[in-house]
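Student: What follows is a single structure, and I will ask about it in a moment.
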2 protein chains.
Amino acid sequence: MTIGEVAARAGLQPSAIRFYEKAGLLTQPARNGGRRVYQTEVLHQLSIICFAKELGFSLEEISILLKEFPENAKASPRWNQLATTKIQEMNSIVTKATAVRNMLESVLRCHCTKLEDCAERLNNSGKRARLRQVSQKAERGPFPTKQT
Amino acid sequence: MTIGEVAARAGLQPSAIRFYEKAGLLTQPARNGGRRVYQTEVLHQLSIICFAKELGFSLEEISILLKEFPENAKASPRWNQLATTKIQEMNSIVTKATAVRNMLESVLRCHCTKLEDCAERLNNSGKRARLRQVSQKAERGPFPTKQT
DNA sequence: CTAGAACTTAAAGTTAAATTCAAGTCAAGC
DNA sequence: GCTTGACTTGAATTTAACTTTAAGTTCTAG
């Protein structure tokens, strides 16, 4: 497959794929006359990358998770550290996302007049577990909003 | 309170508070000799902003949620639309974050040799709900990772 | 009264994750 | 043989959310 085909199938831009390659998330593919030639396996790798990205993993983190994946969990302290941190973050995300969903649902259903009241209640129960700062375009953010 | 006091109490930089003001998330405070003078209420507003930010809401979205909060839920189509979209995003986040957590936990515990296999299983069960693209510094991403 | 801390603004810089651009190469069809 | 579309590279630009800087003002302590 050419890079254009891979991009189309993965729902990405060719430039993104080159970018991932340069960032070390993808291994260098074979070349034919200078052009990249991909195996179908790359689609699988890209789906993993996209999945992690959607959850707010930075490319650097994905790189660590992919490249240092331990044969034996004890082998890579860096991998273990990141995984442990990420587990905590995932738990935090679940807690907060659930709280926000409940808040929005209750506001859509009832006729509150003070968003602040709801937010405060939530805020007091779910303190301090920061999500990554998403700086995305509408289509790109780390969270599912717009994904700028 | 001065901006410095507010910042210290809210755990933010004064520059962030000025930035939020310019972005329309905070109303213009009173001035004393050109300097901003805040009421304690601003701390409450900032806590709401920070909470939403942690969940991956962009400042623009927060602005909509705050400024168009409906007296009556039917009053603002834009608000309703955003809230509905966000509820879906929150559900998607919960699903994905749970899957990732389970994957990382199982990998930490067992001795898998193929991260890809786990990821594929997960990916197939939780398709397509994009989180916002987080483009933060290590400390600034929209997701909870590093929050620089 | 004055030194210095804390404030003011506007403008420029930072970071991540790409995209876009410029200039050029290659391969397929006519 | 040439045009065209897809590709190549590296460099510059983009966006969000701030921070930093520069140049100047004001409040406070001594």
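Chain labels follow the order of the structure tokens: the first chain is A, the next B, and so on; residue numbering restarts at 1 in every chain, and ligands are counted from 1 in their shown order.
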Kindly assemble as JSON lines a list of the chain C residues that lie within 9 Å of chain A, each paired with its nearest atom pair and their distance in Å to one decimal, using only C-alpha atoms (C1' of nucleotides), sorted first by chain and then by ascending residue number.
Tutor:
```
{"residue": "C:DA16", "atom": "C1'", "partner": "A:Ser135", "partner_atom": "CA", "distance": 8.2}
{"residue": "C:DA17", "atom": "C1'", "partner": "A:Leu59", "partner_atom": "CA", "distance": 8.4}
{"residue": "C:DA18", "atom": "C1'", "partner": "A:Ala16", "partner_atom": "CA", "distance": 6.4}
{"residue": "C:DT19", "atom": "C1'", "partner": "A:Ser15", "partner_atom": "CA", "distance": 7.3}
{"residue": "C:DT25", "atom": "C1'", "partner": "A:Gly34", "partner_atom": "CA", "distance": 8.7}
{"residue": "C:DC26", "atom": "C1'", "partner": "A:Gly33", "partner_atom": "CA", "distance": 7.2}
```
Student: What's the 9 Å shell around A:Pro14, counting only C-alpha atoms (C1' of nucleotides), without same-chain residues fewer than 6 positions away, as number ranges by chain?
Tutor: A: 3-8
Student: Could you tell me how far atom C1' of C:DA22 lies from atom CA of A:Arg9, in Å and to one decimal?
Tutor: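 Taking atom C1' of C:DA22 and atom CA of A:Arg9, their separation equals 27.6 Å.
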Student: At a cut-off of 10 Å, which residues of chain D touch chain B? Count only C-alpha atoms (C1' of nucleotides) and give the answer as a PyMOL selection string.
Tutor: chain D and resi 15-20+25-27
Student: Interatomic distance between atom CA of A:Cys50 and atom CA of B:Met103?
Tutor: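 Between these atoms lies a distance of 15.7 Å.
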Student: Residues within 12 Å of A:Ser63, please, as a PDB file with N, CA and C atoms, in the first residue's frame. Count only C-alpha atoms (C1' of nucleotides); anything in the same chain fewer than 6 positions from it doesn't count.
Tutor:
```pdb
ATOM      1  N   TYR A  20       4.102  10.527  12.488  1.00  0.00           N
ATOM      2  CA  TYR A  20       4.223   9.437  13.455  1.00  0.00           C
ATOM      3  C   TYR A  20       5.507   8.657  13.216  1.00  0.00           C
ATOM      4  N   GLU A  21       5.827   8.518  11.963  1.00  0.00           N
ATOM      5  CA  GLU A  21       7.054   7.797  11.639  1.00  0.00           C
ATOM      6  C   GLU A  21       8.253   8.551  12.188  1.00  0.00           C
ATOM      7  N   LYS A  22       8.266   9.839  11.943  1.00  0.00           N
ATOM      8  CA  LYS A  22       9.380  10.649  12.433  1.00  0.00           C
ATOM      9  C   LYS A  22       9.449  10.653  13.958  1.00  0.00           C
ATOM     10  N   ALA A  23       8.266  10.565  14.566  1.00  0.00           N
ATOM     11  CA  ALA A  23       8.212  10.563  16.033  1.00  0.00           C
ATOM     12  C   ALA A  23       8.570   9.199  16.608  1.00  0.00           C
ATOM     13  N   GLY A  24       8.788   8.239  15.746  1.00  0.00           N
ATOM     14  CA  GLY A  24       9.193   6.923  16.230  1.00  0.00           C
ATOM     15  C   GLY A  24       8.044   6.008  16.625  1.00  0.00           C
ATOM     16  N   LEU A  25       6.830   6.375  16.261  1.00  0.00           N
ATOM     17  CA  LEU A  25       5.684   5.533  16.599  1.00  0.00           C
ATOM     18  C   LEU A  25       5.501   4.418  15.571  1.00  0.00           C
ATOM     19  N   LEU A  26       6.012   4.660  14.380  1.00  0.00           N
ATOM     20  CA  LEU A  26       5.940   3.642  13.326  1.00  0.00           C
ATOM     21  C   LEU A  26       7.359   3.360  12.850  1.00  0.00           C
ATOM     22  N   THR A  27       7.618   2.098  12.539  1.00  0.00           N
ATOM     23  CA  THR A  27       8.954   1.789  12.017  1.00  0.00           C
ATOM     24  C   THR A  27       9.022   2.228  10.563  1.00  0.00           C
ATOM     25  N   GLN A  45      -1.372  -1.051  13.674  1.00  0.00           N
ATOM     26  CA  GLN A  45      -0.571  -0.175  14.528  1.00  0.00           C
ATOM     27  C   GLN A  45      -1.209   1.208  14.641  1.00  0.00           C
ATOM     28  N   ILE A  48      -4.111   1.307  17.006  1.00  0.00           N
ATOM     29  CA  ILE A  48      -3.686   1.366  18.408  1.00  0.00           C
ATOM     30  C   ILE A  48      -3.310   2.792  18.776  1.00  0.00           C
ATOM     31  N   ILE A  49      -2.564   3.421  17.907  1.00  0.00           N
ATOM     32  CA  ILE A  49      -2.135   4.794  18.167  1.00  0.00           C
ATOM     33  C   ILE A  49      -3.344   5.710  18.309  1.00  0.00           C
ATOM     34  N   ALA A  52      -5.228   5.186  21.634  1.00  0.00           N
ATOM     35  CA  ALA A  52      -4.535   5.784  22.778  1.00  0.00           C
ATOM     36  C   ALA A  52      -4.656   7.308  22.748  1.00  0.00           C
ATOM     37  N   LYS A  53      -4.536   7.853  21.559  1.00  0.00           N
ATOM     38  CA  LYS A  53      -4.646   9.302  21.417  1.00  0.00           C
ATOM     39  C   LYS A  53      -5.995   9.805  21.894  1.00  0.00           C
ATOM     40  N   PHE A  57      -3.541  10.167  25.640  1.00  0.00           N
ATOM     41  CA  PHE A  57      -2.125   9.830  25.708  1.00  0.00           C
ATOM     42  C   PHE A  57      -1.394  10.732  24.726  1.00  0.00           C
ATOM     43  N   PHE A  69       7.433  -1.909  25.599  1.00  0.00           N
ATOM     44  CA  PHE A  69       6.524  -2.914  26.110  1.00  0.00           C
ATOM     45  C   PHE A  69       7.339  -4.082  26.648  1.00  0.00           C
ATOM     46  N   ARG A  78      10.435   2.308  33.385  1.00  0.00           N
ATOM     47  CA  ARG A  78       9.757   3.437  32.761  1.00  0.00           C
ATOM     48  C   ARG A  78       8.359   3.036  32.297  1.00  0.00           C
ATOM     49  N   TRP A  79       8.283   1.848  31.704  1.00  0.00           N
ATOM     50  CA  TRP A  79       6.980   1.369  31.238  1.00  0.00           C
ATOM     51  C   TRP A  79       6.042   1.181  32.430  1.00  0.00           C
ATOM     52  N   LEU A  82       4.862   4.512  33.842  1.00  0.00           N
ATOM     53  CA  LEU A  82       3.863   5.162  33.001  1.00  0.00           C
ATOM     54  C   LEU A  82       2.532   4.432  33.083  1.00  0.00           C
TER      55      LEU A  82
END
```
Student: Expressed in Å to a single decimal, how great is the separation between atom CA of B:Ser76 and atom CA of B:Glu89?
Tutor: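 These two atoms are separated by 19.9 Å.
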Student: Of the candidates B:Tyr38, B:Pro77, B:Gly56, B:Asn102, which shows the shortest atom-to-atom distance to chain A, using only C-alpha atoms?
Tutor: B:Gly56
Student: Return the single residue from A:Leu65, A:Leu12, A:Val107, A:Ala97 that is closest to A:Thr84, with distances computed using only C-alpha atoms.
Tutor: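 Using only C-alpha atoms, A:Thr84 sits closest to A:Leu65.
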Student: Have a look at B:Val100, B:Ile64, B:Ala30, B:Leu46 and name the one nearest to chain A; count only C-alpha atoms.
Tutor: B:Val100
